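Raw my_file08.txt, compact mmCIF, C-alpha atoms:
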# COMPACT_ATOMS: atom_id res chain seq x y z
CA MET A 1 38.20 -7.94 13.70
CA SER A 2 35.16 -9.70 12.34
CA GLU A 3 31.67 -8.68 13.38
CA ALA A 4 30.10 -11.02 15.89
CA ASN A 5 26.70 -12.43 14.93
CA LEU A 6 25.18 -12.67 18.39
CA GLY A 7 21.67 -14.03 18.79
CA ILE A 8 21.25 -14.13 22.57
CA LYS A 9 18.90 -16.92 23.56
CA THR A 10 20.60 -18.57 26.53
CA LEU A 11 22.77 -17.68 29.51
CA ASP A 12 25.76 -19.11 27.63
CA ASP A 13 25.00 -16.70 24.77
CA LEU A 14 24.94 -13.84 27.27
CA ASN A 15 28.34 -14.91 28.63
CA VAL A 16 29.73 -14.89 25.08
CA LEU A 17 28.39 -11.36 24.62
CA LEU A 18 29.95 -10.20 27.88
CA ASP A 19 33.33 -11.46 26.64
CA THR A 20 33.00 -9.69 23.27
CA GLU A 21 34.84 -6.50 22.28
CA LEU A 22 32.59 -3.56 21.40
CA SER A 23 34.39 -3.27 18.07
CA ASP A 24 33.25 -6.81 17.21
CA LEU A 25 29.57 -5.85 17.34
CA ALA A 26 27.89 -4.88 14.09
CA ASP A 27 26.91 -1.23 13.70
CA LEU A 28 23.23 -0.38 13.87
CA PRO A 29 21.75 -0.17 10.35
CA GLU A 30 20.59 3.32 9.40
CA LEU A 31 16.89 4.00 8.93
CA LYS A 32 16.76 6.51 6.09
CA VAL A 33 15.90 6.65 2.43
CA PRO A 34 19.06 5.96 0.40
CA PRO A 35 20.18 8.18 -2.48
CA VAL A 36 18.30 7.88 -5.77
CA GLY A 37 19.61 4.91 -7.70
CA ARG A 38 19.27 1.25 -8.60
CA TYR A 39 19.55 -1.29 -5.79
CA THR A 40 19.10 -4.93 -4.86
CA LEU A 41 16.72 -4.92 -1.89
CA CYS A 42 15.18 -7.41 0.51
CA VAL A 43 11.47 -6.88 1.22
CA ALA A 44 9.46 -7.28 4.42
CA THR A 45 5.81 -6.32 4.93
CA LYS A 46 3.50 -5.63 7.84
CA THR A 47 0.28 -3.87 8.74
CA LYS A 48 -0.08 -1.42 11.61
CA ASP A 49 -2.18 1.36 13.04
CA ASP A 50 -0.21 4.49 13.92
CA GLY A 51 -3.09 5.87 16.00
CA GLU A 52 -4.33 8.03 13.15
CA HIS A 53 -4.34 5.75 10.12
CA PRO A 54 -4.33 2.02 9.45
CA GLN A 55 -1.28 1.33 7.31
CA VAL A 56 0.44 -1.21 5.13
CA VAL A 57 4.21 -0.91 5.52
CA ILE A 58 6.84 -2.22 3.14
CA GLU A 59 10.34 -2.33 4.59
CA TYR A 60 13.29 -2.44 2.22
CA SER A 61 16.78 -3.50 3.31
CA VAL A 62 19.76 -2.74 1.08
CA VAL A 63 21.39 -5.94 -0.18
CA GLU A 64 23.57 -4.33 -2.85
CA VAL A 65 24.06 -0.89 -4.34
CA GLY A 66 23.82 -0.99 -8.13
CA GLU A 67 24.22 2.48 -9.60
CA LEU A 68 23.59 5.82 -7.92
CA ALA A 69 21.99 8.60 -9.98
CA ASP A 70 24.59 10.96 -8.50
CA PRO A 71 27.92 9.14 -8.16
CA ASP A 72 29.12 11.83 -5.73
CA GLU A 73 26.51 10.83 -3.11
CA THR A 74 27.53 8.51 -0.31
CA PRO A 75 26.05 5.06 -0.90
CA PRO A 76 24.14 3.38 1.91
CA ASN A 77 25.56 0.43 3.80
CA VAL A 78 24.37 -3.11 3.24
CA ASP A 79 21.43 -3.80 5.62
CA ASP A 80 20.44 -0.11 5.88
CA LYS A 81 16.64 0.05 5.89
CA PHE A 82 13.85 2.36 4.81
CA PHE A 83 10.09 2.10 4.88
CA VAL A 84 7.24 2.98 2.57
CA ASN A 85 4.01 3.54 4.51
CA TYR A 86 0.59 3.48 2.89
CA ASN A 87 -2.33 5.06 4.76
CA ILE A 88 -5.13 2.79 3.63
CA ASP A 89 -8.01 4.90 4.91
CA ASN A 90 -8.07 7.14 1.83
CA GLU A 91 -8.10 6.77 -1.94
CA TYR A 92 -4.58 8.15 -2.38
CA GLY A 93 -2.97 5.65 -0.03
CA LEU A 94 -4.93 2.78 -1.56
CA GLY A 95 -4.13 3.96 -5.09
CA LYS A 96 -0.41 4.18 -4.31
CA LEU A 97 -0.51 0.75 -2.66
CA LYS A 98 -2.20 -0.74 -5.74
CA LYS A 99 0.36 0.87 -8.04
CA ASP A 100 3.37 -0.23 -5.99
CA LEU A 101 2.13 -3.80 -5.46
CA ALA A 102 1.33 -4.36 -9.15
CA ALA A 103 4.83 -5.55 -10.13
CA PHE A 104 4.93 -7.94 -7.17
CA GLY A 105 1.48 -9.31 -8.00
CA THR A 106 2.37 -9.85 -11.64
CA ALA A 107 5.68 -11.57 -10.83
CA LEU A 108 4.13 -13.82 -8.17
CA CYS A 109 0.79 -14.39 -9.98
CA ILE A 110 -1.13 -13.29 -6.87
CA THR A 111 -4.06 -10.88 -6.89
CA LYS A 112 -5.29 -10.97 -3.26
CA ILE A 113 -3.60 -8.26 -1.23
CA GLY A 114 -3.17 -10.29 1.99
CA GLU A 115 -1.69 -13.27 0.16
CA LEU A 116 0.58 -10.96 -1.81
CA LEU A 117 1.91 -9.19 1.29
CA THR A 118 2.64 -12.56 2.90
CA ALA A 119 4.41 -13.84 -0.23
CA MET A 120 6.50 -10.66 -0.48
CA ASP A 121 8.18 -11.25 2.91
CA GLY A 122 11.81 -12.15 2.31
CA LEU A 123 11.76 -11.50 -1.45
CA VAL A 124 14.87 -10.07 -3.04
CA VAL A 125 14.21 -7.54 -5.77
CA LYS A 126 15.97 -5.04 -7.97
CA GLY A 127 14.43 -1.61 -8.06
CA THR A 128 15.07 2.10 -8.44
CA VAL A 129 14.76 4.14 -5.27
CA LYS A 130 13.17 7.55 -5.74
CA ARG A 131 12.96 10.30 -3.11
CA ARG A 132 10.42 13.01 -2.34
CA GLU A 133 10.98 15.89 0.08
CA ASP A 134 8.05 17.19 2.10
CA LYS A 135 8.90 20.82 2.82
CA LYS A 136 5.75 21.21 4.94
CA ASN A 137 6.71 18.35 7.26
CA LEU A 138 10.08 18.96 8.93
CA ASP A 139 12.20 16.50 10.86
CA ASP A 140 13.76 17.15 14.28
CA ASP A 141 16.63 19.08 12.65
CA GLY A 142 14.25 21.40 10.79
CA LYS A 143 14.96 19.77 7.42
CA PRO A 144 12.22 18.54 5.08
CA ARG A 145 11.25 14.91 5.69
CA VAL A 146 12.32 12.61 2.90
CA TYR A 147 10.02 9.83 1.72
CA GLY A 148 11.08 7.02 -0.55
CA THR A 149 9.46 4.77 -3.05
CA VAL A 150 10.73 1.94 -5.24
CA VAL A 151 9.88 1.81 -8.94
CA GLY A 152 10.84 -0.55 -11.74
CA VAL A 153 10.69 -3.54 -9.42
CA GLU A 154 12.04 -6.85 -10.71
CA VAL A 155 11.56 -9.89 -8.48
CA LEU A 156 14.73 -12.00 -8.49
Could you take the file, read its structure, and then write that structure out as structure tokens?
Amino acid sequence: MSEANLGIKTLDDLNVLLDTELSDLADLPELKVPPVGRYTLCVATKTKDDGEHPQVVIEYSVVEVGELADPDETPPNVDDKFFVNYNIDNEYGLGKLKKDLAAFGTALCITKIGELLTAMDGLVVKGTVKRREDKKNLDDDGKPRVYGTVVGVEVL
């Protein structure tokens, strides 16, 4: 069966949902860094404060898998998401933010960070996803946390 695209805004929408088979609902996208490789990605940006650090966050959603560095790895699903967080209260976070935003700024001819982040929302890009394991910071399963970054960005 096809996946239902249900945006519930009215009571009629709710009634449609209640008459829908569970198998017709889309699966929840995964939130994890995909395998190393070349992808087409959709970009979203936001700022937040996690209680410890003010951050700029870039969210990437998989649009298309190009080529995986290891063809034996399981590719992510379309719409799977991952985030790159930049703690902007230190020189390392700011330096990484500057480095990662450079390709976007050049492609869009924008140099002001706020304007650039706004313009990046909804962009589709090609880029290479890289991964870094943090063996000092373990996840709930006791495995090293994996952080991602996107290099070689080309705005489409």
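Here CA of Pro35 in chain A and CA of Glu91 in chain A stand 28.3 Å from one another.
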Nearest to Gly127 in chain A, restricted to all atoms listed in the file and choosing among A:Glu21, A:Asp140, A:Asp100, A:Glu154, comes out as A:Glu154
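You will find CA of Phe83 in chain A at 28.2 Å from CA of Ser23 in chain A.
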Shell around Glu133 in chain A at 6 Å using all atoms listed in the file, local window under 6 positions removed, as a PDB file with C-alpha atoms, in the coordinates of the input:
ATOM      1  CA  PRO A 144      12.220  18.540   5.080  1.00  0.00           C
ATOM      2  CA  ARG A 145      11.250  14.910   5.690  1.00  0.00           C
ATOM      3  CA  VAL A 146      12.320  12.610   2.900  1.00  0.00           C
TER       4      VAL A 146
END
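Distances here use only C-alpha atoms; by that measure, the residue among A:Asn137, A:Thr111, A:Thr128, A:Asn15 closest to Gly37 in chain A is A:Thr128.
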